[in-house]
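So this block is input15.cif, mmCIF, C-alpha atoms:
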```
data_data
loop_
_atom_site.label_atom_id
_atom_site.label_comp_id
_atom_site.auth_asym_id
_atom_site.auth_seq_id
_atom_site.Cartn_x
_atom_site.Cartn_y
_atom_site.Cartn_z
CA MET G 1 -55.50 -89.89 -178.69
CA GLU G 2 -53.16 -88.64 -175.97
CA GLN G 3 -54.26 -85.42 -174.32
CA GLN G 4 -52.01 -82.47 -175.11
CA LYS G 5 -49.78 -81.60 -172.19
CA PRO G 6 -49.60 -77.97 -171.02
CA THR G 7 -46.55 -75.96 -172.00
CA LEU G 8 -43.62 -75.20 -169.72
CA GLU G 9 -41.56 -72.15 -170.69
CA VAL G 10 -38.75 -70.13 -169.16
CA CYS G 11 -38.51 -66.35 -169.45
CA LEU G 12 -34.92 -65.45 -168.63
CA SER G 13 -35.51 -61.73 -168.01
CA PRO G 14 -38.38 -59.35 -167.23
CA ALA G 15 -37.43 -57.53 -170.44
CA LEU G 16 -38.66 -60.59 -172.37
CA LEU G 17 -41.92 -61.18 -170.50
CA HIS G 18 -44.00 -59.37 -173.13
CA LEU G 19 -43.15 -62.20 -175.56
CA TYR G 20 -45.02 -64.77 -173.44
CA ASP G 21 -48.73 -65.52 -172.97
CA VAL G 22 -48.95 -64.41 -169.35
CA LYS G 23 -52.76 -64.20 -169.25
CA ASN G 24 -53.19 -67.90 -169.94
CA SER G 25 -50.37 -69.17 -167.73
CA ILE G 26 -49.31 -69.70 -164.15
CA VAL G 27 -46.26 -67.50 -163.60
CA VAL G 28 -43.55 -68.47 -161.14
CA ILE G 29 -41.54 -65.45 -159.97
CA ILE G 30 -37.91 -66.47 -159.40
CA ASP G 31 -35.46 -64.21 -157.57
CA VAL G 32 -33.17 -66.70 -155.83
CA LEU G 33 -30.71 -64.17 -154.39
CA ARG G 34 -32.62 -63.26 -152.34
CA ALA G 35 -36.22 -62.05 -152.61
CA THR G 36 -38.11 -65.27 -153.29
CA SER G 37 -35.88 -67.26 -150.93
CA THR G 38 -36.67 -64.76 -148.19
CA ILE G 39 -40.41 -64.72 -148.99
CA CYS G 40 -40.83 -68.46 -148.59
CA THR G 41 -38.67 -68.42 -145.44
CA VAL G 42 -40.74 -65.66 -143.86
CA LEU G 43 -44.00 -67.51 -144.56
CA TYR G 44 -42.48 -70.83 -143.44
CA ASN G 45 -41.58 -69.14 -140.15
CA GLY G 46 -45.17 -68.08 -139.55
CA ALA G 47 -45.59 -64.59 -141.05
CA ALA G 48 -49.20 -63.72 -141.80
CA ARG G 49 -48.35 -62.29 -145.23
CA VAL G 50 -45.79 -60.50 -147.35
CA ILE G 51 -46.76 -57.32 -149.18
CA PRO G 52 -44.37 -56.74 -152.11
CA VAL G 53 -44.01 -53.12 -153.20
CA ALA G 54 -41.97 -51.37 -155.86
CA SER G 55 -40.46 -48.44 -153.95
CA VAL G 56 -38.97 -47.60 -150.58
CA PRO G 57 -41.39 -44.70 -149.93
CA GLU G 58 -44.36 -47.01 -150.62
CA CYS G 59 -42.84 -49.59 -148.27
CA ILE G 60 -42.50 -47.04 -145.48
CA SER G 61 -46.00 -45.63 -146.08
CA ILE G 62 -47.73 -49.03 -145.92
CA GLY G 63 -45.71 -49.96 -142.84
CA GLU G 64 -46.89 -46.79 -141.09
CA GLN G 65 -50.52 -47.54 -142.00
CA LEU G 66 -50.29 -51.10 -140.66
CA GLY G 67 -48.61 -50.09 -137.42
CA ALA G 68 -46.72 -52.24 -134.94
CA ASN G 69 -47.53 -55.55 -136.58
CA ALA G 70 -45.70 -54.61 -139.79
CA ILE G 71 -42.02 -54.89 -140.61
CA THR G 72 -40.69 -52.78 -143.45
CA ALA G 73 -37.76 -54.25 -145.31
CA GLY G 74 -35.92 -54.23 -148.58
CA GLU G 75 -32.71 -53.91 -150.48
CA ARG G 76 -31.16 -52.00 -153.29
CA ASP G 77 -28.17 -53.53 -155.06
CA GLY G 78 -27.79 -56.17 -152.33
CA ARG G 79 -27.78 -53.85 -149.31
CA ILE G 80 -30.48 -52.69 -146.88
CA ALA G 81 -32.33 -49.84 -148.56
CA GLU G 82 -31.90 -46.40 -147.04
CA GLY G 83 -34.80 -45.58 -144.74
CA LEU G 84 -35.55 -49.22 -143.86
CA LEU G 85 -34.40 -51.16 -140.79
CA HIS G 86 -34.37 -54.64 -142.30
CA GLY G 87 -32.98 -56.15 -145.46
CA ASN G 88 -33.47 -59.12 -147.70
CA SER G 89 -31.62 -61.82 -145.78
CA PRO G 90 -33.64 -64.91 -144.84
CA PHE G 91 -31.68 -65.06 -141.59
CA GLU G 92 -33.20 -61.79 -140.42
CA TYR G 93 -36.61 -63.43 -140.01
CA PRO G 94 -36.62 -66.26 -137.46
CA ARG G 95 -39.99 -67.47 -136.20
CA GLU G 96 -39.73 -65.62 -132.89
CA PHE G 97 -39.39 -62.33 -134.81
CA ILE G 98 -41.74 -62.73 -137.78
CA GLN G 99 -44.58 -65.00 -136.61
CA ASP G 100 -48.06 -63.49 -137.24
CA LYS G 101 -46.53 -60.27 -138.60
CA THR G 102 -46.73 -58.63 -142.02
CA LEU G 103 -43.53 -58.10 -143.98
CA VAL G 104 -43.67 -55.17 -146.39
CA LEU G 105 -40.85 -55.88 -148.83
CA THR G 106 -39.22 -53.99 -151.68
CA THR G 107 -36.37 -55.47 -153.74
CA THR G 108 -34.28 -54.52 -156.74
CA ASN G 109 -35.63 -57.11 -159.17
CA GLY G 110 -38.21 -59.54 -157.79
CA THR G 111 -41.05 -57.19 -156.86
CA LYS G 112 -40.86 -55.50 -160.26
CA LEU G 113 -41.43 -58.79 -162.11
CA LEU G 114 -44.23 -59.79 -159.76
CA HIS G 115 -46.22 -56.69 -160.62
CA MET G 116 -45.52 -57.17 -164.34
CA ALA G 117 -47.16 -60.62 -164.19
CA LYS G 118 -50.38 -59.40 -162.53
CA ASP G 119 -52.68 -60.71 -165.31
CA ALA G 120 -51.57 -64.35 -164.98
CA ILE G 121 -53.95 -67.20 -164.06
CA ALA G 122 -52.00 -67.46 -160.81
CA ILE G 123 -48.71 -66.11 -159.49
CA ILE G 124 -46.45 -67.99 -157.10
CA THR G 125 -42.87 -67.41 -156.02
CA GLY G 126 -40.10 -69.97 -156.28
CA SER G 127 -36.54 -70.55 -155.16
CA PHE G 128 -34.47 -73.52 -154.07
CA PRO G 129 -35.73 -73.45 -150.45
CA ASN G 130 -39.26 -74.24 -151.72
CA LEU G 131 -38.40 -76.22 -154.86
CA SER G 132 -40.60 -79.22 -154.03
CA ALA G 133 -43.64 -77.13 -153.12
CA VAL G 134 -43.39 -75.26 -156.43
CA CYS G 135 -43.02 -78.43 -158.50
CA ASP G 136 -45.86 -80.24 -156.73
CA TYR G 137 -48.20 -77.28 -157.27
CA LEU G 138 -47.40 -76.90 -160.97
CA VAL G 139 -47.95 -80.58 -161.67
CA ALA G 140 -51.22 -80.60 -159.72
CA GLN G 141 -52.59 -77.56 -161.56
CA GLY G 142 -51.98 -78.98 -165.03
CA LYS G 143 -51.93 -75.54 -166.70
CA PRO G 144 -49.37 -73.74 -168.90
CA VAL G 145 -46.43 -72.43 -166.88
CA ILE G 146 -43.99 -69.57 -167.34
CA LEU G 147 -40.94 -69.69 -165.07
CA GLY G 148 -40.12 -66.00 -164.83
CA CYS G 149 -36.58 -65.09 -163.84
CA ALA G 150 -36.23 -61.72 -162.12
CA ALA G 151 -32.65 -61.50 -163.46
CA TRP G 152 -30.48 -58.54 -162.48
CA LYS G 153 -31.71 -55.21 -163.82
CA ASP G 154 -33.05 -57.07 -166.89
CA ARG G 155 -29.76 -58.91 -167.49
CA VAL G 156 -29.92 -62.71 -167.41
CA ASN G 157 -28.40 -64.18 -164.26
CA MET G 158 -27.12 -67.60 -163.36
CA GLU G 159 -28.96 -68.33 -160.11
CA ASP G 160 -32.48 -67.74 -161.42
CA THR G 161 -31.70 -69.68 -164.59
CA LEU G 162 -30.39 -72.58 -162.48
CA PHE G 163 -33.58 -72.71 -160.43
CA ALA G 164 -35.73 -72.61 -163.55
CA GLY G 165 -33.64 -75.49 -164.88
CA ALA G 166 -34.16 -77.44 -161.67
CA VAL G 167 -37.93 -77.10 -162.03
CA VAL G 168 -37.87 -78.10 -165.71
CA SER G 169 -35.71 -81.12 -164.89
CA ARG G 170 -38.05 -82.28 -162.15
CA ILE G 171 -41.45 -81.86 -163.86
CA ARG G 172 -40.80 -81.93 -167.62
CA GLU G 173 -42.56 -85.30 -168.10
CA HIS G 174 -45.87 -83.62 -167.23
CA PHE G 175 -45.42 -80.77 -169.73
CA THR G 176 -44.61 -79.96 -173.32
CA VAL G 177 -41.16 -78.37 -173.30
CA ASP G 178 -40.61 -76.71 -176.67
CA CYS G 179 -38.78 -73.61 -175.51
CA ASP G 180 -35.07 -73.04 -176.05
CA SER G 181 -34.78 -71.04 -172.82
CA ALA G 182 -36.24 -73.96 -170.85
CA ILE G 183 -33.90 -76.43 -172.52
CA ALA G 184 -30.90 -74.15 -171.92
CA ALA G 185 -31.84 -73.66 -168.26
CA GLU G 186 -32.26 -77.38 -167.74
CA THR G 187 -28.91 -78.07 -169.43
CA LEU G 188 -27.16 -75.55 -167.18
CA TYR G 189 -28.75 -77.13 -164.12
CA GLN G 190 -27.84 -80.67 -165.14
CA VAL G 191 -24.16 -79.83 -165.55
CA SER G 192 -24.12 -77.78 -162.33
CA LYS G 193 -26.37 -79.64 -159.88
CA ASP G 194 -23.67 -81.74 -158.21
CA ASN G 195 -21.46 -78.70 -157.54
CA ILE G 196 -23.90 -75.82 -157.58
CA GLN G 197 -22.37 -73.84 -154.70
CA GLU G 198 -18.94 -73.84 -156.34
CA ILE G 199 -20.21 -73.07 -159.82
CA MET G 200 -22.23 -70.14 -158.51
CA LYS G 201 -19.01 -68.43 -157.41
CA GLN G 202 -18.61 -67.41 -161.04
CA ALA G 203 -21.92 -65.52 -161.00
CA SER G 204 -21.97 -61.73 -160.85
CA HIS G 205 -24.53 -61.54 -158.04
CA TYR G 206 -22.59 -64.07 -155.98
CA ARG G 207 -19.59 -61.76 -156.15
CA ARG G 208 -21.76 -58.73 -155.43
CA LEU G 209 -23.22 -60.28 -152.27
CA ALA G 210 -19.97 -61.93 -151.20
CA LYS G 211 -18.40 -58.46 -150.96
CA PHE G 212 -20.90 -57.78 -148.17
CA GLY G 213 -20.05 -61.05 -146.38
CA LEU G 214 -23.29 -62.78 -147.39
CA GLU G 215 -21.91 -66.20 -148.35
CA LYS G 216 -24.14 -67.84 -145.72
CA ASP G 217 -27.19 -66.30 -147.36
CA ILE G 218 -26.10 -67.57 -150.76
CA GLN G 219 -25.55 -71.11 -149.49
CA TYR G 220 -29.01 -71.16 -147.92
CA CYS G 221 -30.67 -69.76 -151.04
CA LEU G 222 -29.14 -72.52 -153.20
CA THR G 223 -30.17 -75.38 -150.87
CA PRO G 224 -33.41 -77.23 -151.70
CA ASP G 225 -36.44 -77.43 -149.43
CA GLY G 226 -35.29 -75.56 -146.35
CA ALA G 227 -38.57 -73.59 -146.29
CA ASN G 228 -40.93 -75.75 -148.28
CA VAL G 229 -44.10 -73.66 -148.44
CA LEU G 230 -45.86 -72.22 -151.48
CA PRO G 231 -46.24 -68.42 -151.52
CA ILE G 232 -49.20 -67.46 -153.69
CA TYR G 233 -50.03 -63.89 -154.75
CA ARG G 234 -53.58 -62.76 -154.05
CA ASP G 235 -55.02 -59.26 -153.79
CA GLY G 236 -51.64 -57.58 -153.61
CA GLU G 237 -50.09 -59.85 -151.01
CA LEU G 238 -48.27 -63.17 -150.77
CA VAL G 239 -49.64 -65.80 -148.40
CA ALA G 240 -48.75 -69.43 -147.80
CA ALA G 241 -51.06 -71.72 -149.78
CA GLU G 242 -53.02 -74.10 -147.57
#
```
Represent the structure from my file as structure tokens, please.
Amino acid sequence: MEQQKPTLEVCLSPALLHLYDVKNSIVVIIDVLRATSTICTVLYNGAARVIPVASVPECISIGEQLGANAITAGERDGRIAEGLLHGNSPFEYPREFIQDKTLVLTTTNGTKLLHMAKDAIAIITGSFPNLSAVCDYLVAQGKPVILGCAAWKDRVNMEDTLFAGAVVSRIREHFTVDCDSAIAAETLYQVSKDNIQEIMKQASHYRRLAKFGLEKDIQYCLTPDGANVLPIYRDGELVAAE
């Protein structure tokens, strides 16, 4: 008798997470534009860790406690949050700036979902720049998976759904996929994958960020494997898995 494969599901919004069995699953936090793309880039470029926090005051407070080796950063609605010096662009964190430092990061959507998933078997973060690392890890673990889209203020968004679809497309043979959201995400990815940059121009967050001249960020965040490390959440911080 063939062994039952673990389930692979997609949660399209944090507002729906309560409908899923988080405690018995690995949860992948997806916030393509730009939190999880920046997190993997920062760790790829040698940061010691990323501490995700919910609020700007908490970000500033932790940064002050950690001292000179900490960088406080974050955004609200796509722009650098008031009171912080750095934002959520992956291009702000080259190796010569971030290596061996701690990034304390607060974002509009991604950090909220990460804290909501705290009871999961394991929590990792995913985006196109670390697509292969995410897929390899999920297959190797052989456990139920929830691909959790950070969305935009609880509203489903295109970029996170596309990434979830890319993961489903790549690893579905190792899992049981009996989830309409997963099938829908994979379908969207399959019809978009050959022209993903152009199709994303229809997305609300693309237009929101493009108004601030961040097209370069968007292009990077939609390109596979530019920062192929696996950020894993342990004891309140994200570190690169060994």
Self-check item: Contacts of segment 3-7 of chain G at 9 Å (only C-alpha atoms; same-chain gap of 5+ positions) as a list in words
Solution: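 These residues fall inside the cut-off: Ser25, Gly142, Lys143, Pro144, Val145, Ile146, His174, Phe175, Thr176, Val177, Asp178 and Cys179 of chain G.
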Quiz item: Hey, what comes out of the PyMOL selection byres ((chain G and resi 182) around 10) on this file? Could you write it as a list in words?
Solution: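 Checked against the file, the PyMOL selection byres ((chain G and resi 182) around 10) matches Leu8, Glu9, Val10, Cys11, Leu12, Ile146, Leu147, Thr161, Ala164, Gly165, Val167, Val168, Ser169, Arg172, Val177, Asp178, Cys179, Asp180, Ser181, Ile183, Ala184, Ala185, Glu186, Thr187 and Leu188 of chain G.
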Residues of segment 69-187 of chain G within 10 Å of segment 48-51 of chain G: nearest atom pair and distance (Å, one decimal) for each, counting all atoms listed in the file, sorted by chain and number, as a tab-separated table?
```
residue	atom	partner	partner_atom	distance
G:Asn69	CA	G:Ala48	CA	9.8
G:Ala70	CA	G:Val50	CA	9.6
G:Ile71	CA	G:Val50	CA	9.5
G:Thr72	CA	G:Ile51	CA	9.5
G:Ile98	CA	G:Ala48	CA	8.5
G:Gln99	CA	G:Ala48	CA	7.1
G:Asp100	CA	G:Ala48	CA	4.7
G:Lys101	CA	G:Ala48	CA	5.4
G:Thr102	CA	G:Arg49	CA	5.1
G:Leu103	CA	G:Val50	CA	4.7
G:Val104	CA	G:Ile51	CA	4.7
G:Leu105	CA	G:Ile51	CA	6.1
G:Thr106	CA	G:Ile51	CA	8.6
G:Thr111	CA	G:Ile51	CA	9.6
```
Please produce a file of those selected residues containing C-alpha atoms, as a compact mmCIF listing (two decimals), in the frame of the given file.
```
# COMPACT_ATOMS: atom_id res chain seq x y z
CA ASN G 69 -47.53 -55.55 -136.58
CA ALA G 70 -45.70 -54.61 -139.79
CA ILE G 71 -42.02 -54.89 -140.61
CA THR G 72 -40.69 -52.78 -143.45
CA ILE G 98 -41.74 -62.73 -137.78
CA GLN G 99 -44.58 -65.00 -136.61
CA ASP G 100 -48.06 -63.49 -137.24
CA LYS G 101 -46.53 -60.27 -138.60
CA THR G 102 -46.73 -58.63 -142.02
CA LEU G 103 -43.53 -58.10 -143.98
CA VAL G 104 -43.67 -55.17 -146.39
CA LEU G 105 -40.85 -55.88 -148.83
CA THR G 106 -39.22 -53.99 -151.68
CA THR G 111 -41.05 -57.19 -156.86
```
Quiz prompt | Counting all atoms listed in the file, the residue of G:Ile62, G:Val22, G:Ile123, G:Leu33 that sits nearest Trp152 of chain G | solution = G:Leu33
Segment 41-54 of chain G, all listed atoms, 8 Å padding on each side: what axis-aligned box centre and edge lengths in Å to one decimal come out, as JSON?
```
{"center_x": -43.9, "center_y": -61.1, "center_z": -147.7, "size_x": 26.5, "size_y": 35.5, "size_z": 32.3}
```
Quiz item: Which value, in Å to one decimal, gives the distance between atom CA of Ser89 of chain G and atom CA of Ala47 of chain G?
Solution: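 Pair atom CA of Ser89 of chain G / atom CA of Ala47 of chain G returns 15.0 Å.
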Self-check item: Interatomic distance (Å, one decimal) between atom CA of Gly78 of chain G and atom CA of Cys40 of chain G
Solution: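 For atom CA of Gly78 of chain G relative to atom CA of Cys40 of chain G, the distance reads 18.3 Å.
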Quiz prompt | Computed interatomic separation between atom CA of Ala133 of chain G and atom CA of Cys149 of chain G (Å) | solution = 17.6 Å
